[in-house]
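Colleague: Structure below; questions to follow.
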Amino acid sequence: MDTPQTSSGAQRLLEPAAIEKLISALAGRGYTVIGPVVRDGAITYEEVRSAADLPAGWGAEQAAGRFRLVQRDDGALFGYGVGPRSPKKYLHPSEICLFKAESANGEFRVLNDRPPAPKYAFLGVRPCELAAIAAQDRVLLGDRFSDSIYRERRAQAFLVAVNCTEPGGTCFCASMGTGQAAAGGYDSLLTELVEPGRHVLVAQAGTPAGEELLDELGAEEAPAGVRQSAAAAVQAAGARMGRTVDTSGLQQALCDAFENPRFDLAAARCMSCGNCTLVCPTCFCVTVEDTSDVTVTKAERWRRWDSCFTQSFSYIHGGSVRQSPKSRYRQWLTHKFSSWVDQFGTPGCVGCGRCITWCPVGIDVTEELAAIHGA
Ligand code: SF4
Ligand code: SF4
C-alpha cells in the first residue's frame with residue numbers, strides 16, 4: 001500500500017480490452033484480484049481471473065428491500081450500483097481462526113499456524129468504498145491497539161477504483177461527501193465512458209505503484225474531449241442518486257431524539273436480522289468464540305462479525321442492556337450518524353445505500369433520518 005494521495009498524474013486512455021491486461025499485470029505482481037462478478041442474482045466481489053468474469057452488460061435496479069439485475073445494451077463493465085459485498089469481506093474477514101491449541105501428554109500447546117495474510121488487488125472499488133476503507137483504517141489502525149489481521153491485509157492491498165457513472169436507486173454518497181468521484185486513497189482510478197459509438201476508460205494514477213501499472217499497459221494520454229466527457233458523466237451521476245440526507249445539524253438532532261416515536265415505528269418493522277450491519281462497509285464489530293472437539297484435546301478460537309442488532313451483542317454481567325429491537329435500532333442509527341463522529345471524526349456512514357437495499361422489510365435509513373431530523 002503506497003501512501004494514498006489524490007491523483008496528479010496524466011489521464012490516459014484505455015480500451016475495454018486493456019482490462020484483461022490490467023488483471024494479468026496485477027496477477028503477475030502476486031495479487032489475488034478481487035472484482036465485481038454476477039453471482040446468485042446480484043453483483044458481488046469475488047476473485048476474477050479474466051475480464052470475462054466481470055459483469056459486462058449488467059446493471060442493477062435498487063430500491064428499499066429490492067435488488068434486481070438488469071441487462072444493459074452497451075456492454076459497460078462497471079455500469080451498476082454497488083452490490084451486497086464490499087472490500088470489507090476481504091480486509092476485515094467475516095470469520096477467521098485466531099489460533100488453535102491442543103493438549104497431549106499433559107501438555108497444553110498453542111499452535112501459531114495462521115497462514116500469511118493474502119495479498120489482494122481490488123478492481124472496481126467505488127468512491128464510497130474508498131471512504132469506507134478510510135473509515136475502517138481510522139477504527140482498526142488509528143489506535144494504540146491496531147488490528148493485526150486488518151493491518152497485514154491492508155498494508156499490501158492494491159486499489160483500482162472506478163468512479164461512479166451509474167448510481168443505484170438507494171445511493172446517497174453525494175450528500176455524505178464520499179462520492180461519486182474518488183478524491184484519493186486509490187492506486188489507480190478508472191472512469192468508464194459509454195456513449196453511442198464510443199466505449200473507453202480514462203485512467204489515472206494515485207500512487208507510484210499505480211503509475212507503474214498504467215505504464216505497463218502502455219496507455220497514451222486521453223484526448224481533452226474524452227476527459228471532459230468522462231468528467232461530465234461522473235458529475236451527472238451525482239444528480240441521479242436515488243436518495244439524499246440532510247447532514248446539517250444531524251449529529252445533535254440524533255442526540256436529542258432519544259425518545260422520538262419514530263424509533264417505535266422502525267422497531268415495529270425491524271426483524272433484528274442484522275443484514276444492515278453485515279452489508280455495511282464500515283461496520284467493524286466482531287465477537288470471539290472458542291470451540292473444542294469431543295475429545296477436549298483440541299481447541300480453536302474464532303473471530304466472527306457481530307451485529308448490534310443481536311441481543312447478545314450488549315450482554316454485560318447477567319443480561320443484555322439493549323433487550324428491545326427499538327433500543328438496538330436506535331443504537332445503530334445514532335452510532336452511525338452521531339456518536340461515530342465523536343469517536344472517529346466522521347460519520348460511520350458513506351451513503352452506499354446497502355442497508356436500504358438489503359433490509360428484508362425495506363427500512364430506509366434516509367427516511368428515518370428525515371423523519372427524526374425534521375421532527
Ligand atoms: S449505514 Fe447503510 S448507507 Fe451507510 S455505509 Fe452502512 S450500509 Fe451504507
Ligand atoms: S436489515 Fe432491516 S430488519 Fe434487519 S436488522 Fe437491519 S433494519 Fe432491522
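Identifiers in the C-alpha cells: chain A, B, ... in order shown; residue index from 1 per chain; ligand index from 1 in order shown.
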Throw together the list of residues within 10 Å of ligand 1, counting only C-alpha atoms and all ligand atoms, and drop it here as a ChimeraX atom specification.
Modeller: /A:82,84,86,128-129,131-132,135,170-173,176,243,275-283,332-333,335-337,347-359,364-366
Colleague: Show which residues sit within 10 Å of A:Ala101, as a list in words. Count only C-alpha atoms, and ignore same-chain residues fewer than 4 positions away.
Modeller: Phe108, Arg109, Val110, Leu111, Asn112, Ser292, Thr297, Lys298, Ala299, Glu300 and Arg301 of chain A
Colleague: Which of stretch 19-187 of chain A end up as helix (DSSP H, G or I) when DSSP is run on this backbone - answer as a ChimeraX atom specification?
Modeller: /A:19-28,51-53,88-91,127-140,148-155,173-176
Colleague: Those residues with C-alpha atoms, as a PDB file, in the first residue's frame please?
Modeller:
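Output contents, as saved in result.pdb:
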```
ATOM      1  CA  ILE A  19      -8.729  -4.577 -18.574  1.00  0.00           C
ATOM      2  CA  GLU A  20      -7.606  -8.123 -19.443  1.00  0.00           C
ATOM      3  CA  LYS A  21      -4.001  -6.907 -19.441  1.00  0.00           C
ATOM      4  CA  LEU A  22      -4.590  -4.993 -16.199  1.00  0.00           C
ATOM      5  CA  ILE A  23      -5.860  -8.134 -14.436  1.00  0.00           C
ATOM      6  CA  SER A  24      -2.885 -10.145 -15.756  1.00  0.00           C
ATOM      7  CA  ALA A  25      -0.443  -7.439 -14.660  1.00  0.00           C
ATOM      8  CA  LEU A  26      -1.873  -7.487 -11.126  1.00  0.00           C
ATOM      9  CA  ALA A  27      -1.816 -11.296 -11.000  1.00  0.00           C
ATOM     10  CA  GLY A  28       1.786 -11.155 -12.239  1.00  0.00           C
ATOM     11  CA  ALA A  51     -12.039  -9.733 -17.865  1.00  0.00           C
ATOM     12  CA  ALA A  52     -14.646 -12.309 -18.920  1.00  0.00           C
ATOM     13  CA  ASP A  53     -15.536 -12.680 -15.213  1.00  0.00           C
ATOM     14  CA  LYS A  88     -14.585  -5.315   3.947  1.00  0.00           C
ATOM     15  CA  LYS A  89     -15.198  -9.028   3.387  1.00  0.00           C
ATOM     16  CA  TYR A  90     -11.521  -9.417   2.415  1.00  0.00           C
ATOM     17  CA  LEU A  91      -9.731  -6.802   4.536  1.00  0.00           C
ATOM     18  CA  PRO A 127     -15.540   6.105  -4.180  1.00  0.00           C
ATOM     19  CA  CYS A 128     -17.914   5.358  -1.280  1.00  0.00           C
ATOM     20  CA  GLU A 129     -15.982   2.119  -0.709  1.00  0.00           C
ATOM     21  CA  LEU A 130     -12.695   4.046  -0.623  1.00  0.00           C
ATOM     22  CA  ALA A 131     -14.299   6.235   2.047  1.00  0.00           C
ATOM     23  CA  ALA A 132     -15.424   3.101   3.910  1.00  0.00           C
ATOM     24  CA  ILE A 133     -11.876   1.696   3.817  1.00  0.00           C
ATOM     25  CA  ALA A 134     -10.631   5.030   5.189  1.00  0.00           C
ATOM     26  CA  ALA A 135     -13.251   4.755   7.967  1.00  0.00           C
ATOM     27  CA  GLN A 136     -12.087   1.233   8.805  1.00  0.00           C
ATOM     28  CA  ASP A 137      -8.469   2.456   8.753  1.00  0.00           C
ATOM     29  CA  ARG A 138      -9.390   5.010  11.436  1.00  0.00           C
ATOM     30  CA  VAL A 139     -11.142   2.387  13.557  1.00  0.00           C
ATOM     31  CA  LEU A 140      -8.839  -0.590  13.112  1.00  0.00           C
ATOM     32  CA  SER A 148      -3.052  -7.025  13.189  1.00  0.00           C
ATOM     33  CA  ILE A 149      -5.251  -9.057  10.797  1.00  0.00           C
ATOM     34  CA  TYR A 150      -6.586  -5.907   9.123  1.00  0.00           C
ATOM     35  CA  ARG A 151      -3.188  -4.207   9.207  1.00  0.00           C
ATOM     36  CA  GLU A 152      -1.415  -7.015   7.353  1.00  0.00           C
ATOM     37  CA  ARG A 153      -4.108  -7.274   4.665  1.00  0.00           C
ATOM     38  CA  ARG A 154      -4.489  -3.531   4.259  1.00  0.00           C
ATOM     39  CA  ALA A 155      -0.725  -2.884   4.057  1.00  0.00           C
ATOM     40  CA  CYS A 173     -22.940   9.211  -1.156  1.00  0.00           C
ATOM     41  CA  ALA A 174     -23.148  12.662  -2.756  1.00  0.00           C
ATOM     42  CA  SER A 175     -24.909  14.048   0.314  1.00  0.00           C
ATOM     43  CA  MET A 176     -22.425  12.297   2.653  1.00  0.00           C
TER      44      MET A 176
END
```
Colleague: Please return as JSON, numbers by chain the residues found within 6 Å of ligand 2, counting only C-alpha atoms and all ligand atoms.
Modeller: {"A": [270, 271, 272, 273, 274, 275, 276, 309, 359, 360, 361, 363]}
Colleague: Could you give me, as a list in words, the residues within 12 Å of A:Gln235, counting only C-alpha atoms and dropping anything in the same chain fewer than 4 positions from it?
Modeller: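 Contacts, with the query itself left out: Asn163, Cys164, Thr165, Glu166, Pro167, Ala174, Gly179, Gln180, Ala181, Ala182, Thr191, Gln228, Ser229, Ala230, Ala231, Ala239, Arg240 and Met241 of chain A.
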Colleague: For a test of reading the model, state the distance in Å between atom CA of A:Phe99 and atom CA of A:Phe122, rounded to one decimal.
Modeller: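 Distance reported for this atom pair: 27.3 Å.
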Colleague: As a PDB file with C-alpha atoms, in the first residue's frame, which residues of stretch 298-329 of chain A does DSSP assign to strand (DSSP E)?
Modeller:
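part.pdb written:
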```
ATOM      1  CA  LYS A 298      -8.122 -29.644  20.500  1.00  0.00           C
ATOM      2  CA  ALA A 299      -9.499 -26.128  20.746  1.00  0.00           C
ATOM      3  CA  GLU A 300      -9.864 -23.199  18.375  1.00  0.00           C
ATOM      4  CA  ARG A 301     -10.577 -19.533  18.872  1.00  0.00           C
ATOM      5  CA  TRP A 302     -12.563 -17.903  16.032  1.00  0.00           C
ATOM      6  CA  ARG A 303     -13.360 -14.283  15.404  1.00  0.00           C
ATOM      7  CA  ARG A 304     -16.620 -13.573  13.562  1.00  0.00           C
ATOM      8  CA  TRP A 305     -18.521 -10.449  12.548  1.00  0.00           C
ATOM      9  CA  TYR A 315     -24.608  -8.691  27.131  1.00  0.00           C
ATOM     10  CA  ILE A 316     -22.988  -7.233  30.230  1.00  0.00           C
ATOM     11  CA  GLY A 319     -28.049  -9.651  30.748  1.00  0.00           C
ATOM     12  CA  SER A 320     -28.354  -7.581  27.615  1.00  0.00           C
TER      13      SER A 320
END
```
Colleague: Tell me which of A:Arg72, A:His317, A:Arg227, A:Lys326 sits closest to A:Leu265, counting only C-alpha atoms.
Modeller: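 Among the listed residues, A:Lys326 lies closest to A:Leu265.
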Colleague: Fewer than 4 positions away in the same chain doesn't count, so skip those; otherwise give me all residues within 6 Å of A:Val48, counting only C-alpha atoms, as an MDAnalysis selection string.
Modeller: chainID A and resid 33:35 53
Colleague: Could you tell me how far atom CA of A:Cys97 sits from atom CA of A:Asp306, in Å to one decimal place?
Modeller: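 Between atom CA of A:Asp306 and atom CA of A:Cys97 the gap works out to 15.0 Å.
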Colleague: In Å to one decimal, how far is atom CA of A:Pro36 from atom CA of A:Leu54?
Modeller: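 For atom CA of A:Leu54 relative to atom CA of A:Pro36, the distance reads 5.8 Å.
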Colleague: Counting only C-alpha atoms, which residue out of A:Tyr120, A:Tyr80, A:Phe263, A:Trp340 sits closest to A:Glu61?
Modeller: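 Closest candidate: A:Tyr80.
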Colleague: With only C-alpha atoms as the basis for distance, which of A:Leu77, A:Val162, A:Ala233, A:Ile96 is at the shortest distance from A:Glu15?
Modeller: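 Nearest to A:Glu15: A:Leu77.
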Colleague: Closest to A:Gly83 among A:Pro115, A:Pro16, A:Gly168, A:Pro208, using only C-alpha atoms?
Modeller: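 The closest residue to A:Gly83 is A:Gly168.
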Colleague: Select, from A:Ile43, A:Leu123, A:Ala222, A:Ile372, the residue with the minimum atom-to-atom distance to A:Leu254, counting only C-alpha atoms.
Modeller: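 Among A:Ile43, A:Leu123, A:Ala222, A:Ile372, it is A:Ile372 that comes nearest to A:Leu254.
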Colleague: Between A:Ala371, A:Val226, A:Leu141, A:Ala266, which is the closest to A:Leu250 once you count only C-alpha atoms?
Modeller: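 Checking each of A:Ala371, A:Val226, A:Leu141, A:Ala266 against A:Leu250, counting only C-alpha atoms, the winner is A:Ala371.
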